[in-house]
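Participant: What follows is model33.cif, mmCIF, C-alpha atoms.
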data_query
#
loop_
_atom_site.group_PDB
_atom_site.id
_atom_site.type_symbol
_atom_site.label_atom_id
_atom_site.label_comp_id
_atom_site.auth_asym_id
_atom_site.auth_seq_id
_atom_site.Cartn_x
_atom_site.Cartn_y
_atom_site.Cartn_z
ATOM 1 C CA MET W 6 231.867 135.749 25.515
ATOM 2 C CA ASN W 7 231.311 139.397 26.303
ATOM 3 C CA PRO W 8 228.400 141.075 24.567
ATOM 4 C CA THR W 9 228.734 143.925 22.092
ATOM 5 C CA LEU W 10 227.129 147.298 22.786
ATOM 6 C CA LEU W 11 225.431 149.256 19.997
ATOM 7 C CA LEU W 12 224.846 152.950 20.712
ATOM 8 C CA ALA W 13 222.282 153.992 18.138
ATOM 9 C CA LEU W 14 220.556 157.314 17.664
ATOM 10 C CA ASN W 15 218.757 155.802 14.669
ATOM 11 C CA PHE W 16 217.015 152.536 15.465
ATOM 12 C CA PRO W 17 213.602 151.100 14.541
ATOM 13 C CA PRO W 18 210.845 152.170 14.556
ATOM 14 C CA PHE W 19 212.608 155.417 13.595
ATOM 15 C CA GLY W 20 212.568 155.691 9.812
ATOM 16 C CA GLY W 21 215.444 156.148 7.434
ATOM 17 C CA GLY W 22 218.310 154.166 6.012
ATOM 18 C CA ILE W 23 220.594 154.245 9.052
ATOM 19 C CA ALA W 24 217.797 153.043 11.344
ATOM 20 C CA ARG W 25 216.961 150.227 8.925
ATOM 21 C CA MET W 26 220.622 149.215 8.778
ATOM 22 C CA MET W 27 220.972 149.228 12.585
ATOM 23 C CA GLY W 28 217.782 147.176 12.828
ATOM 24 C CA GLU W 29 219.155 144.642 10.347
ATOM 25 C CA ILE W 30 222.412 144.398 12.286
ATOM 26 C CA ALA W 31 220.500 143.782 15.518
ATOM 27 C CA PHE W 32 218.160 141.317 13.827
ATOM 28 C CA ARG W 33 221.012 139.267 12.348
ATOM 29 C CA TYR W 34 223.316 139.228 15.380
ATOM 30 C CA PRO W 35 223.342 135.979 17.373
ATOM 31 C CA GLU W 36 220.676 135.922 20.053
ATOM 32 C CA ARG W 37 221.408 137.926 23.227
ATOM 33 C CA VAL W 38 224.934 138.906 22.122
ATOM 34 C CA LEU W 39 224.165 142.519 21.193
ATOM 35 C CA LEU W 40 222.952 145.184 23.627
ATOM 36 C CA VAL W 41 221.276 148.142 21.938
ATOM 37 C CA SER W 42 221.184 151.488 23.738
ATOM 38 C CA THR W 43 218.924 154.059 22.101
ATOM 39 C CA GLY W 44 216.228 156.635 22.754
ATOM 40 C CA THR W 45 212.479 156.231 22.804
ATOM 41 C CA TRP W 46 210.279 156.600 19.763
ATOM 42 C CA PRO W 47 206.518 156.246 19.287
ATOM 43 C CA GLY W 48 205.773 152.606 18.529
ATOM 44 C CA SER W 49 208.986 151.243 20.033
ATOM 45 C CA GLU W 50 207.095 149.038 22.509
ATOM 46 C CA ALA W 51 205.514 147.184 19.595
ATOM 47 C CA CYS W 52 208.748 147.080 17.578
ATOM 48 C CA ASP W 53 211.259 145.884 20.196
ATOM 49 C CA PRO W 54 209.923 142.330 20.763
ATOM 50 C CA ARG W 55 210.796 141.314 17.196
ATOM 51 C CA PHE W 56 214.491 141.565 18.073
ATOM 52 C CA ARG W 57 216.282 138.753 19.903
ATOM 53 C CA GLN W 58 218.559 141.316 21.544
ATOM 54 C CA THR W 59 218.288 143.472 24.637
ATOM 55 C CA ILE W 60 216.957 146.865 23.553
ATOM 56 C CA ASP W 61 217.577 149.411 26.308
ATOM 57 C CA ARG W 62 215.739 152.675 25.696
ATOM 58 C CA VAL W 63 216.668 155.692 27.780
ATOM 59 C CA ALA W 64 213.638 157.795 28.724
ATOM 60 C CA VAL W 65 214.538 160.509 26.203
ATOM 61 C CA THR W 66 213.010 160.740 22.755
ATOM 62 C CA ALA W 67 215.479 159.863 20.025
ATOM 63 C CA LYS W 68 215.159 163.382 18.599
ATOM 64 C CA ARG W 69 216.432 164.824 21.907
ATOM 65 C CA LEU W 70 219.538 162.615 22.236
ATOM 66 C CA ARG W 71 221.545 165.274 20.364
ATOM 67 C CA THR W 72 220.881 167.873 23.083
ATOM 68 C CA LEU W 73 223.263 168.247 26.017
ATOM 69 C CA ASN W 74 220.641 166.995 28.484
ATOM 70 C CA GLY W 75 219.739 164.059 26.255
ATOM 71 C CA LEU W 76 223.371 163.133 25.672
ATOM 72 C CA VAL W 77 224.165 163.225 29.398
ATOM 73 C CA ARG W 78 221.154 161.048 30.256
ATOM 74 C CA TRP W 79 221.908 158.606 27.443
ATOM 75 C CA THR W 80 225.594 158.348 28.382
ATOM 76 C CA ARG W 81 224.778 157.708 32.048
ATOM 77 C CA ARG W 82 222.270 155.025 31.087
ATOM 78 C CA ALA W 83 224.719 153.409 28.649
ATOM 79 C CA GLY W 84 227.412 153.558 31.347
ATOM 80 C CA ALA W 85 225.200 151.686 33.791
ATOM 81 C CA LEU W 86 224.416 149.138 31.083
ATOM 82 C CA ALA W 87 228.137 148.713 30.322
ATOM 83 C CA ARG W 88 229.056 148.300 33.991
ATOM 84 C CA GLY W 89 226.385 145.649 34.415
ATOM 85 C CA THR W 90 227.264 143.625 31.318
ATOM 86 C CA SER W 91 230.978 144.319 30.603
ATOM 87 C CA PRO W 92 230.744 144.547 26.805
ATOM 88 C CA GLY W 93 233.941 143.787 24.938
ATOM 89 C CA PHE W 94 233.305 146.397 22.244
ATOM 90 C CA ALA W 95 230.884 149.199 21.413
ATOM 91 C CA TRP W 96 229.620 150.233 17.985
ATOM 92 C CA CYS W 97 228.168 153.682 17.278
ATOM 93 C CA ASP W 98 225.727 154.352 14.471
ATOM 94 C CA GLU W 99 227.010 157.907 13.875
ATOM 95 C CA VAL W 100 229.834 160.227 14.895
ATOM 96 C CA LYS W 101 227.497 162.399 16.934
ATOM 97 C CA PRO W 102 225.922 161.934 19.308
ATOM 98 C CA ALA W 103 226.645 158.185 19.641
ATOM 99 C CA GLY W 104 230.392 158.635 19.118
ATOM 100 C CA TYR W 105 230.462 161.234 21.878
ATOM 101 C CA ALA W 106 228.710 158.861 24.271
ATOM 102 C CA ALA W 107 231.128 156.044 23.389
ATOM 103 C CA ALA W 108 234.169 158.289 23.879
ATOM 104 C CA TRP W 109 232.849 159.330 27.290
ATOM 105 C CA LEU W 110 232.344 155.667 28.255
ATOM 106 C CA ARG W 111 235.820 154.712 27.031
ATOM 107 C CA ALA W 112 237.446 157.554 28.980
ATOM 108 C CA ARG W 113 235.869 156.135 32.123
ATOM 109 C CA GLY W 114 237.059 152.569 31.630
ATOM 110 C CA GLY W 115 234.405 151.409 29.193
ATOM 111 C CA PRO W 116 234.935 149.276 26.125
ATOM 112 C CA PRO W 117 236.871 150.282 23.020
ATOM 113 C CA PHE W 118 234.569 151.506 20.281
ATOM 114 C CA GLY W 119 234.157 151.929 16.557
ATOM 115 C CA VAL W 120 232.026 154.384 14.632
ATOM 116 C CA ILE W 121 230.027 153.459 11.560
ATOM 117 C CA ALA W 122 230.383 156.648 9.538
ATOM 118 C CA HIS W 123 227.862 157.611 6.865
ATOM 119 C CA GLY W 124 227.749 160.214 4.105
ATOM 120 C CA ALA W 125 226.244 162.928 6.291
ATOM 121 C CA ASP W 126 229.018 162.461 8.874
ATOM 122 C CA PHE W 127 231.661 163.074 6.232
ATOM 123 C CA LEU W 128 229.864 166.139 4.899
ATOM 124 C CA LEU W 129 229.633 167.644 8.390
ATOM 125 C CA LEU W 130 233.314 166.948 9.084
ATOM 126 C CA ASP W 131 234.306 168.444 5.731
ATOM 127 C CA ALA W 132 232.326 171.600 6.507
ATOM 128 C CA LYS W 133 234.034 171.901 9.915
ATOM 129 C CA ILE W 134 237.465 171.470 8.352
ATOM 130 C CA ARG W 135 236.736 174.174 5.800
ATOM 131 C CA ARG W 136 235.601 176.574 8.560
ATOM 132 C CA SER W 137 238.680 175.972 10.722
#
Would it be possible to restate this file's structure as structure tokens?
Facilitator:
Amino acid sequence: MNPTLLLALNFPPFGGGIARMMGEIAFRYPERVLLVSTGTWPGSEACDPRFRQTIDRVAVTAKRLRTLNGLVRWTRRAGALARGTSPGFAWCDEVKPAGYAAAWLRARGGPPFGVIAHGADFLLLDAKIRRS
């Protein structure tokens, strides 16, 4: 069975509801079936061992994953992870930046993906629609 890839901007020990939800998903997934790709955060070394999944942290702080440089580095790292493990599907914790990384991977032969959209995503999209 191919693993599932989770591209998560928000992941423990980062605080907030989305990070808690992504942590719960990773915690409850069957052992070693989910690969989590995320940024670094203070305290992540102490937090990661509680998960039974592979947590791959790109050497960019989670706050910087939204920048062009951070997104490029994260996408390259996630691409290498995908090539090495051949995930059957990728989940994204938000439209941006995780959805952008997943779309880039898919365009280059990576797995199909789904985006877990949250209230803030819909508000941002609504604002963009109103401006266009």
Participant: Any chance you could work out the residue set of the PyMOL selection byres ((chain W and resi 107-120) around 12) here, as a PDB file with C-alpha atoms, in the coordinates of the input?
Facilitator:
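Saved the output as selection_31.pdb:
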ATOM      1  CA  ASN W   7     231.311 139.397  26.303  1.00  0.00           C
ATOM      2  CA  PRO W   8     228.400 141.075  24.567  1.00  0.00           C
ATOM      3  CA  THR W   9     228.734 143.925  22.092  1.00  0.00           C
ATOM      4  CA  LEU W  10     227.129 147.298  22.786  1.00  0.00           C
ATOM      5  CA  LEU W  11     225.431 149.256  19.997  1.00  0.00           C
ATOM      6  CA  LEU W  12     224.846 152.950  20.712  1.00  0.00           C
ATOM      7  CA  ALA W  13     222.282 153.992  18.138  1.00  0.00           C
ATOM      8  CA  SER W  42     221.184 151.488  23.738  1.00  0.00           C
ATOM      9  CA  LEU W  76     223.371 163.133  25.672  1.00  0.00           C
ATOM     10  CA  VAL W  77     224.165 163.225  29.398  1.00  0.00           C
ATOM     11  CA  TRP W  79     221.908 158.606  27.443  1.00  0.00           C
ATOM     12  CA  THR W  80     225.594 158.348  28.382  1.00  0.00           C
ATOM     13  CA  ARG W  81     224.778 157.708  32.048  1.00  0.00           C
ATOM     14  CA  ARG W  82     222.270 155.025  31.087  1.00  0.00           C
ATOM     15  CA  ALA W  83     224.719 153.409  28.649  1.00  0.00           C
ATOM     16  CA  GLY W  84     227.412 153.558  31.347  1.00  0.00           C
ATOM     17  CA  ALA W  85     225.200 151.686  33.791  1.00  0.00           C
ATOM     18  CA  LEU W  86     224.416 149.138  31.083  1.00  0.00           C
ATOM     19  CA  ALA W  87     228.137 148.713  30.322  1.00  0.00           C
ATOM     20  CA  ARG W  88     229.056 148.300  33.991  1.00  0.00           C
ATOM     21  CA  GLY W  89     226.385 145.649  34.415  1.00  0.00           C
ATOM     22  CA  THR W  90     227.264 143.625  31.318  1.00  0.00           C
ATOM     23  CA  SER W  91     230.978 144.319  30.603  1.00  0.00           C
ATOM     24  CA  PRO W  92     230.744 144.547  26.805  1.00  0.00           C
ATOM     25  CA  GLY W  93     233.941 143.787  24.938  1.00  0.00           C
ATOM     26  CA  PHE W  94     233.305 146.397  22.244  1.00  0.00           C
ATOM     27  CA  ALA W  95     230.884 149.199  21.413  1.00  0.00           C
ATOM     28  CA  TRP W  96     229.620 150.233  17.985  1.00  0.00           C
ATOM     29  CA  CYS W  97     228.168 153.682  17.278  1.00  0.00           C
ATOM     30  CA  ASP W  98     225.727 154.352  14.471  1.00  0.00           C
ATOM     31  CA  GLU W  99     227.010 157.907  13.875  1.00  0.00           C
ATOM     32  CA  VAL W 100     229.834 160.227  14.895  1.00  0.00           C
ATOM     33  CA  LYS W 101     227.497 162.399  16.934  1.00  0.00           C
ATOM     34  CA  PRO W 102     225.922 161.934  19.308  1.00  0.00           C
ATOM     35  CA  ALA W 103     226.645 158.185  19.641  1.00  0.00           C
ATOM     36  CA  GLY W 104     230.392 158.635  19.118  1.00  0.00           C
ATOM     37  CA  TYR W 105     230.462 161.234  21.878  1.00  0.00           C
ATOM     38  CA  ALA W 106     228.710 158.861  24.271  1.00  0.00           C
ATOM     39  CA  ILE W 121     230.027 153.459  11.560  1.00  0.00           C
ATOM     40  CA  ALA W 122     230.383 156.648   9.538  1.00  0.00           C
ATOM     41  CA  HIS W 123     227.862 157.611   6.865  1.00  0.00           C
ATOM     42  CA  ASP W 126     229.018 162.461   8.874  1.00  0.00           C
TER      43      ASP W 126
END
Participant: Taking every listed atom of segment 45-59 of chain W and adding 3 Å to each side, what centre and edge lengths in Å (one decimal) does the axis-aligned box have, as AutoDock Vina command-line options?
Facilitator:
--center_x 212.0 --center_y 147.7 --center_z 20.9 --size_x 19.0 --size_y 23.8 --size_z 13.4
Participant: Which one of W:Gly48, W:Leu73, W:Ala125, W:Pro35 sits closest to Ile23 of chain W if you count all atoms listed in the file?
Facilitator: W:Ala125
Participant: Could you state which residues are captured by the PyMOL selection byres ((chain W and resi 32) around 8) in this file, as a list in words?
Facilitator: Gly28, Glu29, Ile30, Ala31, Arg33, Tyr34, Phe56, Arg57 and Gln58 of chain W
Participant: For the atom pair atom CA of Ser49 of chain W and atom CA of Val63 of chain W, what is the interatomic distance in Å to one decimal place?
Facilitator: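 Atom CA of Ser49 of chain W sits 11.8 Å away from atom CA of Val63 of chain W.
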Participant: What does the structure give for the distance between atom CA of Trp46 of chain W and atom CA of Pro17 of chain W, in Å to one decimal?
Facilitator: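 Atom-to-atom, atom CA of Trp46 of chain W and atom CA of Pro17 of chain W are spaced 8.3 Å apart.
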Participant: Taking the file as I've supplied it (selection: the PyMOL selection byres ((chain W and resi 61) around 6)), which residues are included? Please answer as an mmCIF file with C-alpha atoms, keeping the file's coordinate frame.
Facilitator:
data_model
loop_
_atom_site.group_PDB
_atom_site.id
_atom_site.type_symbol
_atom_site.label_atom_id
_atom_site.label_comp_id
_atom_site.auth_asym_id
_atom_site.auth_seq_id
_atom_site.Cartn_x
_atom_site.Cartn_y
_atom_site.Cartn_z
ATOM 1 C CA VAL W 41 221.276 148.142 21.938
ATOM 2 C CA SER W 42 221.184 151.488 23.738
ATOM 3 C CA ILE W 60 216.957 146.865 23.553
ATOM 4 C CA ARG W 62 215.739 152.675 25.696
#
Participant: Atom CA of Ala64 of chain W to atom CA of Met27 of chain W: how many Å, to one decimal?
Facilitator: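 Value for the atom CA of Ala64 of chain W-atom CA of Met27 of chain W distance: 19.7 Å.
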Participant: When you get a chance, write out N, CA and C atoms for segment 84-118 of chain W, as a PDB file, in the frame of the given file.
Facilitator:
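Here's the written file rebuild32.pdb:
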ATOM      1  N   GLY W  84     226.358 153.898  30.393  1.00  0.00           N
ATOM      2  CA  GLY W  84     227.412 153.558  31.347  1.00  0.00           C
ATOM      3  C   GLY W  84     226.956 152.520  32.350  1.00  0.00           C
ATOM      4  N   ALA W  85     225.748 152.678  32.860  1.00  0.00           N
ATOM      5  CA  ALA W  85     225.200 151.686  33.791  1.00  0.00           C
ATOM      6  C   ALA W  85     225.026 150.339  33.095  1.00  0.00           C
ATOM      7  N   LEU W  86     224.575 150.366  31.861  1.00  0.00           N
ATOM      8  CA  LEU W  86     224.416 149.138  31.083  1.00  0.00           C
ATOM      9  C   LEU W  86     225.776 148.470  30.871  1.00  0.00           C
ATOM     10  N   ALA W  87     226.795 149.257  30.546  1.00  0.00           N
ATOM     11  CA  ALA W  87     228.137 148.713  30.322  1.00  0.00           C
ATOM     12  C   ALA W  87     228.730 148.138  31.606  1.00  0.00           C
ATOM     13  N   ARG W  88     228.533 148.821  32.726  1.00  0.00           N
ATOM     14  CA  ARG W  88     229.056 148.300  33.991  1.00  0.00           C
ATOM     15  C   ARG W  88     228.384 146.991  34.375  1.00  0.00           C
ATOM     16  N   GLY W  89     227.119 146.862  34.055  1.00  0.00           N
ATOM     17  CA  GLY W  89     226.385 145.649  34.415  1.00  0.00           C
ATOM     18  C   GLY W  89     226.631 144.465  33.499  1.00  0.00           C
ATOM     19  N   THR W  90     227.121 144.712  32.295  1.00  0.00           N
ATOM     20  CA  THR W  90     227.264 143.625  31.318  1.00  0.00           C
ATOM     21  C   THR W  90     228.684 143.434  30.799  1.00  0.00           C
ATOM     22  N   SER W  91     229.579 144.366  31.053  1.00  0.00           N
ATOM     23  CA  SER W  91     230.978 144.319  30.603  1.00  0.00           C
ATOM     24  C   SER W  91     231.133 143.992  29.122  1.00  0.00           C
ATOM     25  N   PRO W  92     230.593 144.831  28.238  1.00  0.00           N
ATOM     26  CA  PRO W  92     230.744 144.547  26.805  1.00  0.00           C
ATOM     27  C   PRO W  92     232.212 144.618  26.391  1.00  0.00           C
ATOM     28  N   GLY W  93     232.571 143.794  25.424  1.00  0.00           N
ATOM     29  CA  GLY W  93     233.941 143.787  24.938  1.00  0.00           C
ATOM     30  C   GLY W  93     234.212 144.865  23.907  1.00  0.00           C
ATOM     31  N   PHE W  94     233.157 145.388  23.288  1.00  0.00           N
ATOM     32  CA  PHE W  94     233.305 146.397  22.244  1.00  0.00           C
ATOM     33  C   PHE W  94     231.996 147.157  22.119  1.00  0.00           C
ATOM     34  N   ALA W  95     232.083 148.389  21.656  1.00  0.00           N
ATOM     35  CA  ALA W  95     230.884 149.199  21.413  1.00  0.00           C
ATOM     36  C   ALA W  95     230.921 149.731  19.985  1.00  0.00           C
ATOM     37  N   TRP W  96     229.796 149.640  19.309  1.00  0.00           N
ATOM     38  CA  TRP W  96     229.620 150.233  17.985  1.00  0.00           C
ATOM     39  C   TRP W  96     228.727 151.454  18.113  1.00  0.00           C
ATOM     40  N   CYS W  97     228.983 152.470  17.308  1.00  0.00           N
ATOM     41  CA  CYS W  97     228.168 153.682  17.278  1.00  0.00           C
ATOM     42  C   CYS W  97     227.601 153.843  15.879  1.00  0.00           C
ATOM     43  N   ASP W  98     226.343 154.224  15.795  1.00  0.00           N
ATOM     44  CA  ASP W  98     225.727 154.352  14.471  1.00  0.00           C
ATOM     45  C   ASP W  98     226.083 155.653  13.763  1.00  0.00           C
ATOM     46  N   GLU W  99     226.626 156.619  14.468  1.00  0.00           N
ATOM     47  CA  GLU W  99     227.010 157.907  13.875  1.00  0.00           C
ATOM     48  C   GLU W  99     228.106 158.533  14.725  1.00  0.00           C
ATOM     49  N   VAL W 100     228.803 159.514  14.144  1.00  0.00           N
ATOM     50  CA  VAL W 100     229.834 160.227  14.895  1.00  0.00           C
ATOM     51  C   VAL W 100     229.217 160.954  16.083  1.00  0.00           C
ATOM     52  N   LYS W 101     228.144 161.715  15.819  1.00  0.00           N
ATOM     53  CA  LYS W 101     227.497 162.399  16.934  1.00  0.00           C
ATOM     54  C   LYS W 101     226.002 162.178  16.868  1.00  0.00           C
ATOM     55  N   PRO W 102     225.408 161.892  17.949  1.00  0.00           N
ATOM     56  CA  PRO W 102     225.922 161.934  19.308  1.00  0.00           C
ATOM     57  C   PRO W 102     226.486 160.602  19.817  1.00  0.00           C
ATOM     58  N   ALA W 103     226.244 159.497  19.119  1.00  0.00           N
ATOM     59  CA  ALA W 103     226.645 158.185  19.641  1.00  0.00           C
ATOM     60  C   ALA W 103     228.153 158.086  19.859  1.00  0.00           C
ATOM     61  N   GLY W 104     228.941 158.660  18.954  1.00  0.00           N
ATOM     62  CA  GLY W 104     230.392 158.635  19.118  1.00  0.00           C
ATOM     63  C   GLY W 104     230.842 159.391  20.356  1.00  0.00           C
ATOM     64  N   TYR W 105     230.145 160.481  20.668  1.00  0.00           N
ATOM     65  CA  TYR W 105     230.462 161.234  21.878  1.00  0.00           C
ATOM     66  C   TYR W 105     230.178 160.396  23.126  1.00  0.00           C
ATOM     67  N   ALA W 106     229.050 159.713  23.125  1.00  0.00           N
ATOM     68  CA  ALA W 106     228.710 158.861  24.271  1.00  0.00           C
ATOM     69  C   ALA W 106     229.734 157.746  24.431  1.00  0.00           C
ATOM     70  N   ALA W 107     230.147 157.129  23.332  1.00  0.00           N
ATOM     71  CA  ALA W 107     231.128 156.044  23.389  1.00  0.00           C
ATOM     72  C   ALA W 107     232.485 156.542  23.878  1.00  0.00           C
ATOM     73  N   ALA W 108     232.894 157.722  23.430  1.00  0.00           N
ATOM     74  CA  ALA W 108     234.169 158.289  23.879  1.00  0.00           C
ATOM     75  C   ALA W 108     234.133 158.570  25.378  1.00  0.00           C
ATOM     76  N   TRP W 109     233.004 159.068  25.860  1.00  0.00           N
ATOM     77  CA  TRP W 109     232.849 159.330  27.290  1.00  0.00           C
ATOM     78  C   TRP W 109     232.947 158.022  28.074  1.00  0.00           C
ATOM     79  N   LEU W 110     232.280 156.969  27.584  1.00  0.00           N
ATOM     80  CA  LEU W 110     232.344 155.667  28.255  1.00  0.00           C
ATOM     81  C   LEU W 110     233.770 155.132  28.270  1.00  0.00           C
ATOM     82  N   ARG W 111     234.452 155.224  27.142  1.00  0.00           N
ATOM     83  CA  ARG W 111     235.820 154.712  27.031  1.00  0.00           C
ATOM     84  C   ARG W 111     236.752 155.444  27.984  1.00  0.00           C
ATOM     85  N   ALA W 112     236.598 156.759  28.093  1.00  0.00           N
ATOM     86  CA  ALA W 112     237.446 157.554  28.980  1.00  0.00           C
ATOM     87  C   ALA W 112     237.268 157.160  30.441  1.00  0.00           C
ATOM     88  N   ARG W 113     236.155 156.555  30.750  1.00  0.00           N
ATOM     89  CA  ARG W 113     235.869 156.135  32.123  1.00  0.00           C
ATOM     90  C   ARG W 113     235.974 154.625  32.294  1.00  0.00           C
ATOM     91  N   GLY W 114     236.799 153.997  31.475  1.00  0.00           N
ATOM     92  CA  GLY W 114     237.059 152.569  31.630  1.00  0.00           C
ATOM     93  C   GLY W 114     236.124 151.657  30.864  1.00  0.00           C
ATOM     94  N   GLY W 115     235.329 152.216  29.983  1.00  0.00           N
ATOM     95  CA  GLY W 115     234.405 151.409  29.193  1.00  0.00           C
ATOM     96  C   GLY W 115     235.108 150.711  28.041  1.00  0.00           C
ATOM     97  N   PRO W 116     234.345 150.067  27.205  1.00  0.00           N
ATOM     98  CA  PRO W 116     234.935 149.276  26.125  1.00  0.00           C
ATOM     99  C   PRO W 116     235.508 150.141  25.001  1.00  0.00           C
ATOM    100  N   PRO W 117     236.453 149.585  24.237  1.00  0.00           N
ATOM    101  CA  PRO W 117     236.871 150.282  23.020  1.00  0.00           C
ATOM    102  C   PRO W 117     235.677 150.382  22.079  1.00  0.00           C
ATOM    103  N   PHE W 118     235.739 151.311  21.141  1.00  0.00           N
ATOM    104  CA  PHE W 118     234.569 151.506  20.281  1.00  0.00           C
ATOM    105  C   PHE W 118     234.966 151.806  18.847  1.00  0.00           C
TER     106      PHE W 118
END
